[in-house]
file entry-v4.cif (mmCIF, C-alpha atoms, pLDDT in the B column; chains and numbers go by the auth columns)
data_target
#
loop_
_atom_site.group_PDB
_atom_site.id
_atom_site.type_symbol
_atom_site.label_atom_id
_atom_site.label_comp_id
_atom_site.label_asym_id
_atom_site.label_seq_id
_atom_site.Cartn_x
_atom_site.Cartn_y
_atom_site.Cartn_z
_atom_site.B_iso_or_equiv
_atom_site.auth_seq_id
_atom_site.auth_asym_id
ATOM 1 C CA MET A 1 -85.739 3.127 31.010 52.00 1 A
ATOM 2 C CA ARG A 2 -89.396 2.302 30.566 62.00 2 A
ATOM 3 C CA THR A 3 -90.589 -0.385 28.220 66.00 3 A
ATOM 4 C CA PHE A 4 -94.110 -0.747 27.005 63.00 4 A
ATOM 5 C CA ASP A 5 -95.724 -4.093 26.298 68.00 5 A
ATOM 6 C CA LEU A 6 -98.053 -3.504 23.377 64.00 6 A
ATOM 7 C CA SER A 7 -98.875 -7.159 22.741 67.00 7 A
ATOM 8 C CA PRO A 8 -102.443 -6.857 24.156 68.00 8 A
ATOM 9 C CA LEU A 9 -103.065 -4.051 21.659 63.00 9 A
ATOM 10 C CA PHE A 10 -101.783 -6.111 18.733 61.00 10 A
ATOM 11 C CA ARG A 11 -104.136 -8.996 19.543 63.00 11 A
ATOM 12 C CA SER A 12 -107.192 -6.958 18.573 63.00 12 A
ATOM 13 C CA THR A 13 -105.853 -4.558 15.935 62.00 13 A
ATOM 14 C CA VAL A 14 -104.433 -4.842 12.443 62.00 14 A
ATOM 15 C CA GLY A 15 -101.823 -2.585 10.884 62.00 15 A
ATOM 16 C CA PHE A 16 -100.646 -0.730 13.976 61.00 16 A
ATOM 17 C CA ASP A 17 -97.249 -2.417 14.207 61.00 17 A
ATOM 18 C CA HIS A 18 -95.598 0.869 13.207 65.00 18 A
ATOM 19 C CA LEU A 19 -96.767 2.259 16.565 66.00 19 A
ATOM 20 C CA SER A 20 -94.240 0.170 18.490 64.00 20 A
ATOM 21 C CA ARG A 21 -91.455 1.300 16.147 66.00 21 A
ATOM 22 C CA MET A 22 -92.413 4.941 16.725 68.00 22 A
ATOM 23 C CA LEU A 23 -92.377 4.483 20.510 67.00 23 A
ATOM 24 C CA ASP A 24 -88.984 2.755 20.380 67.00 24 A
ATOM 25 C CA ALA A 25 -87.551 5.543 18.225 64.00 25 A
ATOM 26 C CA ALA A 26 -88.914 8.225 20.580 64.00 26 A
ATOM 27 C CA GLN A 27 -87.232 6.586 23.569 64.00 27 A
ATOM 28 C CA ARG A 28 -83.859 6.467 21.822 64.00 28 A
ATOM 29 C CA LEU A 29 -83.784 10.178 20.975 61.00 29 A
ATOM 30 C CA ASP A 30 -80.990 12.243 22.463 57.00 30 A
ATOM 31 C CA ASP A 31 -82.301 15.453 24.076 57.00 31 A
ATOM 32 C CA SER A 32 -79.446 17.528 22.662 53.00 32 A
ATOM 33 C CA ALA A 33 -80.263 16.354 19.137 55.00 33 A
ATOM 34 C CA VAL A 34 -83.868 17.579 19.302 59.00 34 A
ATOM 35 C CA SER A 35 -83.136 21.074 20.576 76.00 35 A
ATOM 36 C CA TYR A 36 -81.899 22.588 17.305 84.00 36 A
ATOM 37 C CA PRO A 37 -83.475 24.240 15.488 90.00 37 A
ATOM 38 C CA PRO A 38 -86.347 25.270 17.748 92.00 38 A
ATOM 39 C CA TYR A 39 -89.837 24.824 16.310 94.00 39 A
ATOM 40 C CA ASN A 40 -93.547 25.167 17.044 94.00 40 A
ATOM 41 C CA ILE A 41 -96.393 22.949 15.878 94.00 41 A
ATOM 42 C CA GLU A 42 -99.562 25.002 15.553 93.00 42 A
ATOM 43 C CA LYS A 43 -103.144 23.789 15.124 93.00 43 A
ATOM 44 C CA LEU A 44 -104.852 26.397 12.965 94.00 44 A
ATOM 45 C CA ASP A 45 -108.266 24.703 12.837 92.00 45 A
ATOM 46 C CA GLU A 46 -109.769 21.213 12.779 90.00 46 A
ATOM 47 C CA ASP A 47 -107.883 20.116 9.639 90.00 47 A
ATOM 48 C CA ASN A 48 -104.982 22.581 9.248 94.00 48 A
ATOM 49 C CA TYR A 49 -101.638 22.641 11.019 95.00 49 A
ATOM 50 C CA ARG A 50 -98.375 24.538 10.635 96.00 50 A
ATOM 51 C CA ILE A 51 -94.824 23.824 11.652 95.00 51 A
ATOM 52 C CA ALA A 52 -92.837 27.003 12.323 96.00 52 A
ATOM 53 C CA MET A 53 -89.092 26.438 12.572 95.00 53 A
ATOM 54 C CA ALA A 54 -86.479 29.066 13.499 93.00 54 A
ATOM 55 C CA VAL A 55 -83.783 28.798 10.830 91.00 55 A
ATOM 56 C CA ALA A 56 -82.018 32.151 11.097 87.00 56 A
ATOM 57 C CA GLY A 57 -79.021 32.384 8.791 84.00 57 A
ATOM 58 C CA PHE A 58 -80.312 29.777 6.324 89.00 58 A
ATOM 59 C CA ALA A 59 -81.463 30.700 2.819 89.00 59 A
ATOM 60 C CA GLU A 60 -84.144 28.863 0.841 92.00 60 A
ATOM 61 C CA SER A 61 -81.397 27.114 -1.118 92.00 61 A
ATOM 62 C CA ASP A 62 -79.844 25.756 2.113 91.00 62 A
ATOM 63 C CA ILE A 63 -83.021 23.950 3.236 94.00 63 A
ATOM 64 C CA THR A 64 -84.483 20.748 1.819 95.00 64 A
ATOM 65 C CA ILE A 65 -87.953 19.489 2.717 96.00 65 A
ATOM 66 C CA THR A 66 -88.642 15.837 1.905 96.00 66 A
ATOM 67 C CA VAL A 67 -91.765 13.742 2.421 95.00 67 A
ATOM 68 C CA HIS A 68 -91.267 9.992 2.297 93.00 68 A
ATOM 69 C CA GLY A 69 -94.254 7.900 3.297 88.00 69 A
ATOM 70 C CA GLN A 70 -95.469 9.272 6.615 87.00 70 A
ATOM 71 C CA THR A 71 -92.199 11.042 7.487 90.00 71 A
ATOM 72 C CA LEU A 72 -91.492 14.729 6.893 94.00 72 A
ATOM 73 C CA ALA A 73 -87.774 15.555 6.976 94.00 73 A
ATOM 74 C CA VAL A 74 -86.397 19.099 7.076 95.00 74 A
ATOM 75 C CA THR A 75 -82.657 19.327 6.414 94.00 75 A
ATOM 76 C CA GLY A 76 -80.480 22.403 6.581 92.00 76 A
ATOM 77 C CA ALA A 77 -76.997 22.447 5.112 89.00 77 A
ATOM 78 C CA ALA A 78 -74.860 25.127 6.740 79.00 78 A
ATOM 79 C CA ARG A 79 -72.556 27.138 4.533 72.00 79 A
ATOM 80 C CA ARG A 80 -69.056 27.345 5.872 63.00 80 A
ATOM 81 C CA GLU A 81 -68.132 30.972 5.521 65.00 81 A
ATOM 82 C CA ALA A 82 -64.875 32.349 6.804 62.00 82 A
ATOM 83 C CA SER A 83 -65.053 35.132 9.363 67.00 83 A
ATOM 84 C CA PRO A 84 -64.780 38.548 7.779 72.00 84 A
ATOM 85 C CA GLU A 85 -61.354 40.173 7.972 79.00 85 A
ATOM 86 C CA GLY A 86 -60.831 42.232 11.098 80.00 86 A
ATOM 87 C CA VAL A 87 -63.852 40.839 12.975 83.00 87 A
ATOM 88 C CA ALA A 88 -63.200 39.539 16.475 83.00 88 A
ATOM 89 C CA TYR A 89 -66.235 37.918 18.102 82.00 89 A
ATOM 90 C CA LEU A 90 -66.770 38.507 21.813 87.00 90 A
ATOM 91 C CA HIS A 91 -69.638 36.007 21.709 87.00 91 A
ATOM 92 C CA ARG A 92 -70.766 33.887 18.784 79.00 92 A
ATOM 93 C CA GLY A 93 -74.215 32.564 19.657 78.00 93 A
ATOM 94 C CA ILE A 94 -75.935 32.365 16.277 75.00 94 A
ATOM 95 C CA ALA A 95 -75.879 28.716 15.355 71.00 95 A
ATOM 96 C CA GLY A 96 -74.899 27.914 11.826 73.00 96 A
ATOM 97 C CA ARG A 97 -74.614 24.157 12.026 83.00 97 A
ATOM 98 C CA SER A 98 -76.327 21.675 9.780 89.00 98 A
ATOM 99 C CA PHE A 99 -79.479 19.992 11.021 91.00 99 A
ATOM 100 C CA GLU A 100 -82.059 17.370 10.216 92.00 100 A
ATOM 101 C CA ARG A 101 -85.455 17.380 11.883 92.00 101 A
ATOM 102 C CA ARG A 102 -87.983 14.575 11.289 91.00 102 A
ATOM 103 C CA PHE A 103 -91.719 14.585 11.945 91.00 103 A
ATOM 104 C CA GLU A 104 -93.975 11.522 11.806 88.00 104 A
ATOM 105 C CA LEU A 105 -97.222 12.430 10.077 90.00 105 A
ATOM 106 C CA ALA A 106 -100.572 10.859 10.871 87.00 106 A
ATOM 107 C CA ASP A 107 -102.648 9.181 8.190 86.00 107 A
ATOM 108 C CA PHE A 108 -104.167 11.559 5.649 89.00 108 A
ATOM 109 C CA ILE A 109 -101.896 14.505 6.605 91.00 109 A
ATOM 110 C CA ARG A 110 -100.602 16.173 3.450 93.00 110 A
ATOM 111 C CA VAL A 111 -97.729 18.645 3.283 95.00 111 A
ATOM 112 C CA GLY A 112 -98.656 21.885 1.549 94.00 112 A
ATOM 113 C CA GLU A 113 -96.523 24.906 0.789 95.00 113 A
ATOM 114 C CA ALA A 114 -93.449 26.047 2.664 96.00 114 A
ATOM 115 C CA THR A 115 -92.357 29.661 3.101 96.00 115 A
ATOM 116 C CA LEU A 116 -89.313 31.288 4.675 95.00 116 A
ATOM 117 C CA VAL A 117 -90.013 34.715 6.170 94.00 117 A
ATOM 118 C CA ASN A 118 -87.823 36.631 8.630 92.00 118 A
ATOM 119 C CA GLY A 119 -85.837 33.549 9.606 90.00 119 A
ATOM 120 C CA LEU A 120 -88.924 31.387 10.223 95.00 120 A
ATOM 121 C CA LEU A 121 -89.677 28.427 7.995 96.00 121 A
ATOM 122 C CA HIS A 122 -93.422 27.766 7.831 97.00 122 A
ATOM 123 C CA ILE A 123 -94.627 24.389 6.557 96.00 123 A
ATOM 124 C CA GLU A 124 -98.371 24.088 6.015 96.00 124 A
ATOM 125 C CA LEU A 125 -100.044 20.739 6.750 95.00 125 A
ATOM 126 C CA ARG A 126 -103.612 19.694 5.978 94.00 126 A
ATOM 127 C CA ARG A 127 -105.658 16.656 6.946 91.00 127 A
ATOM 128 C CA GLU A 128 -107.404 15.398 3.789 89.00 128 A
ATOM 129 C CA ILE A 129 -109.658 12.449 4.545 86.00 129 A
ATOM 130 C CA PRO A 130 -110.799 10.646 1.378 86.00 130 A
ATOM 131 C CA GLU A 131 -114.550 10.505 0.789 85.00 131 A
ATOM 132 C CA GLN A 132 -114.662 6.717 1.242 85.00 132 A
ATOM 133 C CA MET A 133 -113.094 7.112 4.725 83.00 133 A
ATOM 134 C CA LYS A 134 -115.532 9.779 5.962 82.00 134 A
ATOM 135 C CA PRO A 135 -118.490 8.718 8.113 87.00 135 A
ATOM 136 C CA ARG A 136 -121.628 8.030 6.127 87.00 136 A
ATOM 137 C CA ILE A 137 -125.197 7.158 6.940 90.00 137 A
ATOM 138 C CA VAL A 138 -126.435 3.776 5.789 89.00 138 A
ATOM 139 C CA LYS A 139 -130.044 3.830 4.694 90.00 139 A
ATOM 140 C CA ILE A 140 -132.236 1.169 6.268 91.00 140 A
ATOM 141 C CA GLU A 141 -134.684 -0.319 3.824 89.00 141 A
ATOM 142 C CA ALA A 142 -137.943 -1.870 4.969 86.00 142 A
ATOM 143 C CA LYS A 143 -138.492 -5.398 3.653 82.00 143 A
ATOM 144 C CA LYS A 144 -141.594 -7.508 3.882 76.00 144 A
ATOM 145 C CA ASN A 145 -141.575 -10.173 6.507 71.00 145 A
ATOM 146 C CA LEU A 146 -141.168 -13.397 4.580 65.00 146 A
ATOM 147 C CA LEU A 147 -142.807 -15.540 7.302 67.00 147 A
ATOM 148 C CA THR A 148 -146.091 -13.603 7.398 63.00 148 A
ATOM 149 C CA ASP A 149 -146.278 -13.380 3.584 59.00 149 A
ATOM 150 C CA GLN A 150 -145.943 -17.188 3.225 61.00 150 A
ATOM 151 C CA ALA A 151 -148.531 -17.946 5.912 55.00 151 A
ATOM 152 C CA ALA A 152 -151.248 -15.924 4.203 53.00 152 A
#
call {"tool": "encode", "arguments": {"input": "entry-v4.cif", "output": "structure tokens"}}
result
Amino acid sequence: MRTFDLSPLFRSTVGFDHLSRMLDAAQRLDDSAVSYPPYNIEKLDEDNYRIAMAVAGFAESDITITVHGQTLAVTGAARREASPEGVAYLHRGIAGRSFERRFELADFIRVGEATLVNGLLHIELRREIPEQMKPRIVKIEAKKNLLTDQAA
């Protein structure tokens, strides 16, 4: 197992302590836990993203999307339905188990609408940088030289 020493980074930065927690959490993940349900993260343009998650067999009422701080959680509660009378499965490969998928969102990423179409859950994400955080040009004002004005 690899460990990362981030102490040199923390000597010259402020407020990035959550970075070490995210790296620790990523190392502890079990590969089997992150394989269901499959998903894509799409970059639509400079400020828009979409998560597309394959949730076949789940209805809108079975899925809960929660945003808490910088974490987006998608939870699916499987309905336990009995097999129909007289049906014998030769192969049962459509997963119907419950799931919880978490995504860590960067600063200023806002969760928009979510739609469920043809078994794909689409969650729209948008980067919204506040005006005070956007780059701005500072005007340079010319001032009189105080030394030459006093000498005259």
call {"tool": "resolve_selection", "arguments": {"input": "entry-v4.cif", "expression": "the PyMOL selection byres ((chain A and resi 46-50) around 8)", "output": "short mmCIF file (atom, residue, chain, number, x, y, z; two decimals) with C-alpha atoms, in the coordinates of the input"}}
result
data_model
loop_
_atom_site.label_atom_id
_atom_site.label_comp_id
_atom_site.auth_asym_id
_atom_site.auth_seq_id
_atom_site.Cartn_x
_atom_site.Cartn_y
_atom_site.Cartn_z
CA ILE A 41 -96.39 22.95 15.88
CA GLU A 42 -99.56 25.00 15.55
CA LYS A 43 -103.14 23.79 15.12
CA LEU A 44 -104.85 26.40 12.96
CA ASP A 45 -108.27 24.70 12.84
CA ILE A 51 -94.82 23.82 11.65
CA ALA A 52 -92.84 27.00 12.32
CA HIS A 122 -93.42 27.77 7.83
CA ILE A 123 -94.63 24.39 6.56
CA GLU A 124 -98.37 24.09 6.02
CA LEU A 125 -100.04 20.74 6.75
CA ARG A 126 -103.61 19.69 5.98
CA ARG A 127 -105.66 16.66 6.95
CA GLU A 128 -107.40 15.40 3.79
#
call {"tool": "axis_aligned_box", "arguments": {"input": "entry-v4.cif", "around": "segment 86-98 of chain A", "padding_each_side": "3 Å", "output": "JSON"}}
result
{"center_x": -68.6, "center_y": 32.0, "center_z": 15.8, "size_x": 21.5, "size_y": 26.6, "size_z": 18.0}
call {"tool": "resolve_selection", "arguments": {"input": "entry-v4.cif", "expression": "the PyMOL selection byres ((chain A and resi 71) around 12)", "output": "VMD selection string"}}
result
chain A and resid 22 65 to 70 72 to 74 101 to 107 109 to 111
call {"tool": "atom_distance", "arguments": {"input": "entry-v4.cif", "atom1": "atom CA of Thr115 of chain A", "atom2": "atom CA of Tyr39 of chain A"}}
result
14.3 Å
call {"tool": "atom_distance", "arguments": {"input": "entry-v4.cif", "atom1": "atom CA of Pro38 of chain A", "atom2": "atom CA of Val87 of chain A"}}
result
27.8 Å
call {"tool": "atom_distance", "arguments": {"input": "entry-v4.cif", "atom1": "atom CA of Glu100 of chain A", "atom2": "atom CA of Glu113 of chain A"}}
result
18.8 Å
call {"tool": "residues_around", "arguments": {"input": "entry-v4.cif", "residues": "segment 93-97 of chain A", "least_positions_apart": "4", "cutoff": "10 Å", "atoms": "only C-alpha atoms", "output": "NGL selection string"}}
result
:A and (36-37 or 55-58 or 76-81 or 89)
call {"tool": "write_last_selection", "arguments": {"input": "entry-v4.cif", "atoms": "C-alpha atoms", "output": "mmCIF file, keeping the file's coordinate frame"}}
result
data_model
loop_
_atom_site.group_PDB
_atom_site.id
_atom_site.type_symbol
_atom_site.label_atom_id
_atom_site.label_comp_id
_atom_site.auth_asym_id
_atom_site.auth_seq_id
_atom_site.Cartn_x
_atom_site.Cartn_y
_atom_site.Cartn_z
ATOM 1 C CA TYR A 36 -81.899 22.588 17.305
ATOM 2 C CA PRO A 37 -83.475 24.240 15.488
ATOM 3 C CA VAL A 55 -83.783 28.798 10.830
ATOM 4 C CA ALA A 56 -82.018 32.151 11.097
ATOM 5 C CA GLY A 57 -79.021 32.384 8.791
ATOM 6 C CA PHE A 58 -80.312 29.777 6.324
ATOM 7 C CA GLY A 76 -80.480 22.403 6.581
ATOM 8 C CA ALA A 77 -76.997 22.447 5.112
ATOM 9 C CA ALA A 78 -74.860 25.127 6.740
ATOM 10 C CA ARG A 79 -72.556 27.138 4.533
ATOM 11 C CA ARG A 80 -69.056 27.345 5.872
ATOM 12 C CA GLU A 81 -68.132 30.972 5.521
ATOM 13 C CA TYR A 89 -66.235 37.918 18.102
#
call {"tool": "decode", "arguments": {"input": "entry-v4.cif", "residues": "segment 128-139 of chain A", "atoms": "all heavy atoms", "output": "mmCIF file, in the first residue's frame"}}
result
data_model
loop_
_atom_site.group_PDB
_atom_site.id
_atom_site.type_symbol
_atom_site.label_atom_id
_atom_site.label_comp_id
_atom_site.auth_asym_id
_atom_site.auth_seq_id
_atom_site.Cartn_x
_atom_site.Cartn_y
_atom_site.Cartn_z
ATOM 1 N N GLU A 128 -20.232 27.164 -10.966
ATOM 2 C CA GLU A 128 -20.701 28.546 -10.845
ATOM 3 C C GLU A 128 -19.739 29.291 -9.926
ATOM 4 O O GLU A 128 -19.849 29.226 -8.712
ATOM 5 C CB GLU A 128 -22.114 28.575 -10.276
ATOM 6 C CG GLU A 128 -23.138 27.947 -11.193
ATOM 7 C CD GLU A 128 -24.530 27.909 -10.597
ATOM 8 O OE1 GLU A 128 -24.692 28.208 -9.400
ATOM 9 O OE2 GLU A 128 -25.447 27.556 -11.334
ATOM 10 N N ILE A 129 -18.818 30.011 -10.542
ATOM 11 C CA ILE A 129 -17.823 30.762 -9.773
ATOM 12 C C ILE A 129 -18.417 32.118 -9.430
ATOM 13 O O ILE A 129 -18.864 32.843 -10.321
ATOM 14 C CB ILE A 129 -16.515 30.917 -10.572
ATOM 15 C CG1 ILE A 129 -15.949 29.535 -10.903
ATOM 16 C CG2 ILE A 129 -15.505 31.754 -9.811
ATOM 17 C CD1 ILE A 129 -14.747 29.551 -11.801
ATOM 18 N N PRO A 130 -18.451 32.481 -8.143
ATOM 19 C CA PRO A 130 -18.993 33.789 -7.760
ATOM 20 C C PRO A 130 -18.178 34.924 -8.369
ATOM 21 O O PRO A 130 -16.976 34.772 -8.623
ATOM 22 C CB PRO A 130 -18.865 33.799 -6.228
ATOM 23 C CG PRO A 130 -18.635 32.389 -5.824
ATOM 24 C CD PRO A 130 -18.032 31.686 -6.994
ATOM 25 N N GLU A 131 -18.820 36.053 -8.597
ATOM 26 C CA GLU A 131 -18.150 37.197 -9.213
ATOM 27 C C GLU A 131 -16.888 37.598 -8.459
ATOM 28 O O GLU A 131 -15.879 37.923 -9.067
ATOM 29 C CB GLU A 131 -19.099 38.403 -9.295
ATOM 30 C CG GLU A 131 -20.068 38.364 -10.446
ATOM 31 C CD GLU A 131 -19.375 38.315 -11.799
ATOM 32 O OE1 GLU A 131 -18.391 39.049 -12.038
ATOM 33 O OE2 GLU A 131 -19.829 37.518 -12.638
ATOM 34 N N GLN A 132 -16.938 37.591 -7.115
ATOM 35 C CA GLN A 132 -15.774 38.032 -6.344
ATOM 36 C C GLN A 132 -14.603 37.063 -6.467
ATOM 37 O O GLN A 132 -13.480 37.404 -6.125
ATOM 38 C CB GLN A 132 -16.128 38.271 -4.874
ATOM 39 C CG GLN A 132 -16.556 37.044 -4.125
ATOM 40 C CD GLN A 132 -18.059 36.823 -4.138
ATOM 41 O OE1 GLN A 132 -18.754 37.296 -5.029
ATOM 42 N NE2 GLN A 132 -18.553 36.105 -3.164
ATOM 43 N N MET A 133 -14.831 35.835 -6.967
ATOM 44 C CA MET A 133 -13.758 34.858 -7.121
ATOM 45 C C MET A 133 -13.182 34.847 -8.540
ATOM 46 O O MET A 133 -12.153 34.239 -8.784
ATOM 47 C CB MET A 133 -14.255 33.461 -6.770
ATOM 48 C CG MET A 133 -14.723 33.323 -5.334
ATOM 49 S SD MET A 133 -13.446 33.668 -4.139
ATOM 50 C CE MET A 133 -12.386 32.276 -4.401
ATOM 51 N N LYS A 134 -13.857 35.499 -9.481
ATOM 52 C CA LYS A 134 -13.380 35.529 -10.862
ATOM 53 C C LYS A 134 -12.194 36.477 -10.982
ATOM 54 O O LYS A 134 -12.080 37.450 -10.236
ATOM 55 C CB LYS A 134 -14.499 35.970 -11.796
ATOM 56 C CG LYS A 134 -15.595 34.943 -11.929
ATOM 57 C CD LYS A 134 -16.650 35.393 -12.895
ATOM 58 C CE LYS A 134 -17.746 34.351 -12.993
ATOM 59 N NZ LYS A 134 -18.828 34.807 -13.855
ATOM 60 N N PRO A 135 -11.298 36.208 -11.931
ATOM 61 C CA PRO A 135 -10.161 37.118 -12.134
ATOM 62 C C PRO A 135 -10.652 38.513 -12.517
ATOM 63 O O PRO A 135 -11.652 38.659 -13.216
ATOM 64 C CB PRO A 135 -9.385 36.492 -13.290
ATOM 65 C CG PRO A 135 -9.881 35.103 -13.406
ATOM 66 C CD PRO A 135 -11.258 35.077 -12.836
ATOM 67 N N ARG A 136 -9.972 39.507 -12.030
ATOM 68 C CA ARG A 136 -10.331 40.883 -12.375
ATOM 69 C C ARG A 136 -9.061 41.682 -12.607
ATOM 70 O O ARG A 136 -7.998 41.338 -12.126
ATOM 71 C CB ARG A 136 -11.179 41.522 -11.289
ATOM 72 C CG ARG A 136 -10.503 41.637 -9.954
ATOM 73 C CD ARG A 136 -11.459 42.169 -8.876
ATOM 74 N NE ARG A 136 -10.831 42.164 -7.595
ATOM 75 C CZ ARG A 136 -10.187 43.194 -7.064
ATOM 76 N NH1 ARG A 136 -10.112 44.324 -7.730
ATOM 77 N NH2 ARG A 136 -9.635 43.109 -5.882
ATOM 78 N N ILE A 137 -9.193 42.738 -13.338
ATOM 79 C CA ILE A 137 -8.062 43.610 -13.630
ATOM 80 C C ILE A 137 -8.077 44.750 -12.621
ATOM 81 O O ILE A 137 -9.107 45.382 -12.391
ATOM 82 C CB ILE A 137 -8.144 44.149 -15.068
ATOM 83 C CG1 ILE A 137 -8.038 42.978 -16.051
ATOM 84 C CG2 ILE A 137 -7.070 45.194 -15.318
ATOM 85 C CD1 ILE A 137 -8.228 43.369 -17.489
ATOM 86 N N VAL A 138 -6.935 44.996 -12.029
ATOM 87 C CA VAL A 138 -6.790 46.087 -11.071
ATOM 88 C C VAL A 138 -6.214 47.281 -11.804
ATOM 89 O O VAL A 138 -5.144 47.188 -12.424
ATOM 90 C CB VAL A 138 -5.878 45.677 -9.890
ATOM 91 C CG1 VAL A 138 -5.678 46.841 -8.927
ATOM 92 C CG2 VAL A 138 -6.455 44.471 -9.178
ATOM 93 N N LYS A 139 -6.927 48.383 -11.748
ATOM 94 C CA LYS A 139 -6.493 49.589 -12.442
ATOM 95 C C LYS A 139 -5.323 50.216 -11.693
ATOM 96 O O LYS A 139 -5.346 50.347 -10.474
ATOM 97 C CB LYS A 139 -7.657 50.578 -12.528
ATOM 98 C CG LYS A 139 -7.341 51.808 -13.301
ATOM 99 C CD LYS A 139 -8.544 52.721 -13.368
ATOM 100 C CE LYS A 139 -8.170 54.013 -14.078
ATOM 101 N NZ LYS A 139 -9.270 54.969 -14.047
#
